[in-house]
Amino acid sequence: MTSRTLPILMTVLIAALLAVLPALLSPYQQDLAVRIMIYAIFALSLGLLVGKTGLVSMGHAAFFGIGAYVTVLASPEYEAGSLLVMVPLALLAAGAYALVVGALCLRTRGVYFIMVTLAFAQMAYFIFHDTAIAGGSDGIFLNVKPVLMIADHTLLDFAEAKTLYYFVAGALLSCFLLLALIHRSRFGHALAGIRSNEQRMRAAGFQTYWYKLAAFVIAAVLAGLAGMLIAVKNGSVNPEMLSWHESGAVLMMIILGGLGTLRGAVLGAVAFILLKELFASEALMGQLAVHWQLTLGITMIVFVAFLPNGLIGLAKWPKLTRRAGAATPSAIKSAS
Amino acid sequence: MDLTTFLIQCLNAVQYGLLLFLVASGLTLIFGIMGVINLAHGSFYMIGAYMAFALAPLFGDQFVLQLFAGVLLAAVLGFVLEWVFYSYLYQRDHLQQVLMTYALILVFEECRSILFGNDVHGITLPPWLSGGIPLGGMMTYPLYNLFASGLCLLLAAGLYVVIHRTRLGMMIRAGSSNRDMARGLGIPVRLLYRLVFAAGVALAALAGMVAAPSTSIYPGMGGHILIICFVVVVIGGIGSIWGALVAALLVGFVDTFGKVFFAQFSGLSVYLLMAVILIWRPQGLFGKAS
């Protein structure tokens with residue numbers, strides 16, 4: 001099989017699997033699947049920044065939260081809002097905030113960038129937490145889930161769990177394909193170039209600042225999409241969605257999965273949420289379930305110590321041990 | 001605003017700023033010398049506060065003795081943590097440091113929840129510290145706040161003497177300006193790292209212990225102080241301890257007076273300050289231009 005047909009085959013297989021999955025899952029499992037897919041979109045969006053461009057953002061949850069808040073705020077209080085209004089508004093708001101924050105943050109680099117993105121996300125957190133515009137620290141409810149109506153025909157009604165499932169699955173696949181295209185485009189190669197050597201990219205005539213800003217805004221818009229979906233799924237939003245714990249969690253997902261690849265981000269989101277679910281499950285963990293943070297934290301430390309290349313690196317193990325004895329960064333890069 | 005209120009607010013601002021400096025100086029030193037982003041630094045502040053809560057019944061009136069015991073415990077904790085966890089992070093990139101220290105926060109928070117529960121706690125002061133100083137009219141200024149400011153000032157001065165006047169300080173400065181060269185000159189870098197880390201943890205824990213009586217002790221306190229200290233470190237310039245002092249005082253004033261004048265948006269003022277300073281100087285006030 002050539003290297004070109006395999007990914008396409010895999011994509012089709014996964015799409016088919018996602019399509020038949022609701023028939024096999026209980027309502028709880030289906031809800032979990034939706035949550036995983038939404039976080040996979042969120043993780044993919046951050047992957048474009050961290051894995052592809054080498055910009056480590058510790059404040060990505062701000063865009064996720066803004067997407068979620070705008071969705072709820074844009075919805076009428078006692079009737080279903082229209083998807084045609086809410087999606088563009090949520091994405092635009094996330095993108096606009098990213099444009100401002102990105103323009104400032106990208107003046108800094110390295111550790112400064114990590115801290116500054118964190119601080120700006122915290123600023124957004126305080127806007128929602130301290131002021132009365134959106135329910136303060138309690139957050140607000142989305143009373144009626146949105147619908148997609150064209151000329152009085154209801155095409156999609158998100159009050160139906162299956163509709164939401166398929167919509168989220170479709171969104172995840174579209175994001176995956178969009179990012180795959182970006183990775184292959186001239187723009188994507190420029191971003192990869194910035195990650196490995198920004199100085200040289202500038203010398204080669206690339207205005208790296210604008211490339212980075214574009215990546216920052218695209219990542220934020222996709223995070224806004226994930227936020228919009230989670231607001232619709234949960235039917236409520238609260239400031240904790242913008243908190244730095246959330247930014248940390250999504251960063252964990254992509255590092256856990258393995259940086260630089262789209263599969264890694266998705267795998268990381270799946271693994272992180274399933275691990276969290278597992279550690280918090282009373283049936284499986286008994287008394288320890290209450291202290292899931294402890295078990296999750298220790299698991300993370302073990303992962304950092306023994307899997308520096310993430311779960312994706314695990315699949316490459318046999319090959320690498322034969323070739324070089326240990327996983328080298330260049331081997332991981334070429335394998336992606 | 002009359003003069004007395006203004007002066008009281010100034011004192012509050014200075015006290016808050018000095019407290020921030022204690023935490024931020026450790027953060028900036030650990031980054032400047034070891035190159036580690038320590039997200040768990042706020043947890044050390046939290047640990048300090050809970051330590052004050054746990055030690056208070058043992059020491060009773062001996063508040064100063066209690067502080068000493070706490071600092072000693074925290075330094076030992078820092079020494080061990082550096083040995084077991086952080087020493088593996090120096091060669092890794094920033095991402096892995098972020099991941100590991102984030103995981104440590106989860107562990108610390110859960111240990112806190114197991115040991116002390118999730119309730120808000122308070123500490124009663126010993127009688128000799130709980131009075132107030134009359135400021136004319138009906139107003140008094142709590143004696144403890146003055147004590148806390150004095151202690152922080154003393155520590156800042158002590159830090160200055162250690163860093164600029166001792167051999168150890170010389171090694172620390174050498175390590176922060178050029179790590180490899182310092183190693184090449186035969187400075188015992190491993191031990192130095194361990195000491196600096198232990199000192200950073202002790203300073204953060206001391207800040208927590210000092211803050212505990214005047215603020216309440218609550219579960220999320222570590223996270224809040226961490227973010228503010230990041231702002232302080234970014235404004236001051238990473239690795240610069242005097243930058244941290246100036247920035248901490250600046251943040252203290254902006255935060256305190258932000259609360260007085262724009263109560264609704266008080267959470268924002270500090271971040272706006274940071275944004276303005278970054279537009280002006282992306283490397284922070286005292287940072288080296290890259």
# chains A, B, ... in the order shown; residues from 1 in each chain; ligands from 1
>>> interface_residues(of="chain B", to="chain A", cutoff="9 Å", atoms="only C-alpha atoms", output="MDAnalysis selection string")
chainID B and resid 37 85 88 92 94:111 113:114 223 227:228 230:231 233:234 237:238 264:272 274:275 278:279 282:283
>>> residues_around(residues="segment 235-242 of chain A", least_positions_apart="3", cutoff="10 Å", atoms="only C-alpha atoms", output="ChimeraX atom specification")
/A:59-66,68-73,121-130,134-145,159,227-232,245-247
>>> write_last_selection(atoms="N, CA and C atoms", output="CSV table (one decimal), in the first residue's frame")
chain,number,residue,atom,x,y,z
A,59,GLY,N,-2.7,29.9,27.2
A,59,GLY,CA,-4.0,30.6,27.4
A,59,GLY,C,-5.0,30.3,26.4
A,60,HIS,N,-5.0,29.1,25.8
A,60,HIS,CA,-5.8,28.8,24.7
A,60,HIS,C,-7.3,28.6,25.2
A,61,ALA,N,-7.5,28.3,26.4
A,61,ALA,CA,-8.9,28.2,26.9
A,61,ALA,C,-9.7,29.4,26.8
A,62,ALA,N,-9.0,30.6,26.7
A,62,ALA,CA,-9.8,31.9,26.6
A,62,ALA,C,-10.6,31.8,25.3
A,63,PHE,N,-10.1,31.3,24.2
A,63,PHE,CA,-10.9,31.3,23.0
A,63,PHE,C,-12.0,30.3,23.0
A,64,PHE,N,-11.7,29.2,23.6
A,64,PHE,CA,-12.7,28.1,23.9
A,64,PHE,C,-13.8,28.7,24.7
A,65,GLY,N,-13.5,29.4,25.8
A,65,GLY,CA,-14.5,30.0,26.6
A,65,GLY,C,-15.3,31.1,26.0
A,66,ILE,N,-14.6,31.9,25.2
A,66,ILE,CA,-15.3,33.0,24.5
A,66,ILE,C,-16.3,32.5,23.5
A,68,ALA,N,-17.8,29.7,23.7
A,68,ALA,CA,-19.0,29.2,24.5
A,68,ALA,C,-19.9,30.3,25.0
A,69,TYR,N,-19.2,31.3,25.6
A,69,TYR,CA,-20.0,32.4,26.1
A,69,TYR,C,-20.8,33.2,25.0
A,70,VAL,N,-20.2,33.4,23.9
A,70,VAL,CA,-20.9,34.2,22.8
A,70,VAL,C,-22.1,33.3,22.3
A,71,THR,N,-21.9,32.0,22.3
A,71,THR,CA,-23.0,31.2,21.8
A,71,THR,C,-24.2,31.4,22.8
A,72,VAL,N,-24.0,31.4,24.1
A,72,VAL,CA,-25.1,31.5,25.0
A,72,VAL,C,-25.6,32.9,25.0
A,73,LEU,N,-24.8,33.9,24.9
A,73,LEU,CA,-25.2,35.3,25.0
A,73,LEU,C,-26.0,35.6,23.7
A,121,ALA,N,-5.3,35.3,29.0
A,121,ALA,CA,-6.4,34.4,29.2
A,121,ALA,C,-7.1,34.6,30.5
A,122,GLN,N,-6.2,34.9,31.5
A,122,GLN,CA,-6.7,35.2,32.8
A,122,GLN,C,-7.5,36.5,32.9
A,123,MET,N,-7.1,37.4,32.0
A,123,MET,CA,-7.8,38.7,31.9
A,123,MET,C,-9.2,38.4,31.4
A,124,ALA,N,-9.3,37.6,30.4
A,124,ALA,CA,-10.6,37.2,29.8
A,124,ALA,C,-11.5,36.5,30.9
A,125,TYR,N,-10.8,35.7,31.7
A,125,TYR,CA,-11.4,35.0,32.8
A,125,TYR,C,-12.1,35.9,33.8
A,126,PHE,N,-11.3,37.0,34.1
A,126,PHE,CA,-11.8,37.9,35.1
A,126,PHE,C,-12.9,38.8,34.5
A,127,ILE,N,-12.9,39.0,33.2
A,127,ILE,CA,-14.0,39.8,32.6
A,127,ILE,C,-15.3,39.0,32.8
A,128,PHE,N,-15.3,37.7,32.6
A,128,PHE,CA,-16.5,37.0,32.8
A,128,PHE,C,-16.8,36.7,34.3
A,129,HIS,N,-15.7,36.6,35.1
A,129,HIS,CA,-15.9,36.2,36.4
A,129,HIS,C,-16.4,37.3,37.3
A,130,ASP,N,-15.8,38.5,37.1
A,130,ASP,CA,-16.1,39.6,38.0
A,130,ASP,C,-17.2,40.6,37.6
A,134,ALA,N,-22.3,38.4,32.2
A,134,ALA,CA,-22.7,37.0,31.9
A,134,ALA,C,-22.8,36.2,33.2
A,135,GLY,N,-23.5,36.6,34.1
A,135,GLY,CA,-23.8,35.8,35.3
A,135,GLY,C,-22.7,35.6,36.3
A,136,GLY,N,-21.6,36.4,36.1
A,136,GLY,CA,-20.5,36.3,37.1
A,136,GLY,C,-20.0,34.9,37.3
A,137,SER,N,-19.6,34.6,38.5
A,137,SER,CA,-18.9,33.3,38.7
A,137,SER,C,-19.8,32.1,38.6
A,138,ASP,N,-21.2,32.3,38.6
A,138,ASP,CA,-22.0,31.1,38.4
A,138,ASP,C,-22.2,30.7,36.9
A,139,GLY,N,-21.9,31.7,36.0
A,139,GLY,CA,-22.1,31.4,34.6
A,139,GLY,C,-23.6,31.5,34.3
A,140,ILE,N,-24.0,31.1,33.0
A,140,ILE,CA,-25.4,31.2,32.6
A,140,ILE,C,-25.8,30.0,31.9
A,141,PHE,N,-27.1,29.8,31.8
A,141,PHE,CA,-27.6,28.6,31.1
A,141,PHE,C,-28.1,28.9,29.7
A,142,LEU,N,-28.0,27.9,28.9
A,142,LEU,CA,-28.5,28.0,27.5
A,142,LEU,C,-29.8,27.2,27.6
A,143,ASN,N,-31.0,28.0,27.7
A,143,ASN,CA,-32.2,27.3,28.0
A,143,ASN,C,-32.7,26.4,26.9
A,144,VAL,N,-32.6,26.9,25.7
A,144,VAL,CA,-33.1,26.1,24.6
A,144,VAL,C,-32.0,25.9,23.6
A,145,LYS,N,-31.8,24.7,23.2
A,145,LYS,CA,-30.6,24.4,22.3
A,145,LYS,C,-30.9,24.9,20.9
A,159,ALA,N,-31.6,19.7,20.2
A,159,ALA,CA,-32.2,19.1,21.4
A,159,ALA,C,-32.1,17.6,21.3
A,227,GLY,N,-15.6,25.5,21.6
A,227,GLY,CA,-16.3,26.1,22.8
A,227,GLY,C,-17.8,26.3,22.5
A,228,MET,N,-18.1,26.7,21.3
A,228,MET,CA,-19.5,26.8,20.9
A,228,MET,C,-20.2,25.4,21.0
A,229,LEU,N,-19.5,24.4,20.6
A,229,LEU,CA,-20.1,23.0,20.7
A,229,LEU,C,-20.3,22.6,22.1
A,230,ILE,N,-19.3,22.9,23.0
A,230,ILE,CA,-19.4,22.4,24.4
A,230,ILE,C,-20.5,23.2,25.1
A,231,ALA,N,-20.7,24.4,24.7
A,231,ALA,CA,-21.8,25.2,25.3
A,231,ALA,C,-23.2,24.6,24.9
A,232,VAL,N,-23.3,24.2,23.6
A,232,VAL,CA,-24.5,23.6,23.2
A,232,VAL,C,-24.7,22.2,23.8
A,245,HIS,N,-6.6,26.2,34.3
A,245,HIS,CA,-6.6,24.8,34.4
A,245,HIS,C,-7.0,24.1,33.1
A,246,GLU,N,-8.0,24.8,32.4
A,246,GLU,CA,-8.5,24.3,31.2
A,246,GLU,C,-7.4,24.4,30.1
A,247,SER,N,-6.7,25.5,30.1
A,247,SER,CA,-5.6,25.7,29.1
A,247,SER,C,-4.5,24.6,29.4
>>> residues_around(residues="segment 189-200 of chain B", least_positions_apart="2", cutoff="6 Å", atoms="only C-alpha atoms", output="list in words")
Gly26, Ala75, Gly78, Phe79, Ile187, Ala202 and Leu203 of chain B
>>> atom_distance(atom1="atom CA of Thr163 of chain A", atom2="atom CA of Pro22 of chain A")
10.4 Å
>>> select_by_dssp(residues="segment 12-166 of chain B", states="helix (DSSP H, G or I)", output="PyMOL selection string")
chain B and resi 12-34+41-59+63-84+86-88+94-116+127-129+143-165
>>> closest_residue(among="B:Ala74, B:Ile8, B:Val210, B:Cys229", to="Gly150 of chain B", atoms="only C-alpha atoms")
B:Val210
>>> atom_distance(atom1="atom CA of Tyr86 of chain B", atom2="atom CA of Gly264 of chain A")
25.9 Å
>>> select_by_dssp(residues="segment 14-255 of chain B", states="strand (DSSP E or B)", output="VMD selection string")
chain B and resid 121 132 to 134 140 to 142 217
>>> write_last_selection(atoms="N, CA and C atoms", output="PDB file, in the first residue's frame")
ATOM      1  N   HIS B 121     -10.229  28.184  55.786  1.00  0.00           N
ATOM      2  CA  HIS B 121      -9.741  28.230  57.162  1.00  0.00           C
ATOM      3  C   HIS B 121      -9.230  29.617  57.495  1.00  0.00           C
ATOM      4  N   GLY B 132      -4.024  47.263  66.867  1.00  0.00           N
ATOM      5  CA  GLY B 132      -4.020  48.184  65.751  1.00  0.00           C
ATOM      6  C   GLY B 132      -3.371  49.485  66.163  1.00  0.00           C
ATOM      7  N   ILE B 133      -2.896  50.238  65.175  1.00  0.00           N
ATOM      8  CA  ILE B 133      -2.291  51.523  65.478  1.00  0.00           C
ATOM      9  C   ILE B 133      -3.299  52.598  65.146  1.00  0.00           C
ATOM     10  N   PRO B 134      -3.693  53.431  66.112  1.00  0.00           N
ATOM     11  CA  PRO B 134      -4.685  54.467  65.806  1.00  0.00           C
ATOM     12  C   PRO B 134      -4.113  55.494  64.841  1.00  0.00           C
ATOM     13  N   THR B 140      -7.908  52.698  62.416  1.00  0.00           N
ATOM     14  CA  THR B 140      -6.687  52.102  62.945  1.00  0.00           C
ATOM     15  C   THR B 140      -6.052  51.287  61.832  1.00  0.00           C
ATOM     16  N   TYR B 141      -4.754  51.104  61.945  1.00  0.00           N
ATOM     17  CA  TYR B 141      -4.079  50.244  60.970  1.00  0.00           C
ATOM     18  C   TYR B 141      -3.615  48.995  61.705  1.00  0.00           C
ATOM     19  N   PRO B 142      -3.966  47.805  61.180  1.00  0.00           N
ATOM     20  CA  PRO B 142      -3.612  46.585  61.904  1.00  0.00           C
ATOM     21  C   PRO B 142      -2.103  46.466  62.105  1.00  0.00           C
ATOM     22  N   ILE B 217      -7.469  31.140  54.324  1.00  0.00           N
ATOM     23  CA  ILE B 217      -6.751  30.071  53.654  1.00  0.00           C
ATOM     24  C   ILE B 217      -7.778  29.262  52.874  1.00  0.00           C
TER      25      ILE B 217
END
>>> residues_around(residues="Met46 of chain B", least_positions_apart="6", cutoff="7 Å", atoms="only C-alpha atoms", output="list in words")
Gly208, Met221 and Gly222 of chain B
>>> write_last_selection(atoms="C-alpha atoms", output="PDB file, in the first residue's frame")
ATOM      1  CA  GLY B 208       2.073  31.987  52.326  1.00  0.00           C
ATOM      2  CA  MET B 221      -5.056  30.428  46.632  1.00  0.00           C
ATOM      3  CA  GLY B 222      -2.024  28.881  44.932  1.00  0.00           C
TER       4      GLY B 222
END
>>> atom_distance(atom1="atom CA of Gly258 of chain A", atom2="atom CA of Gly313 of chain A")
6.7 Å
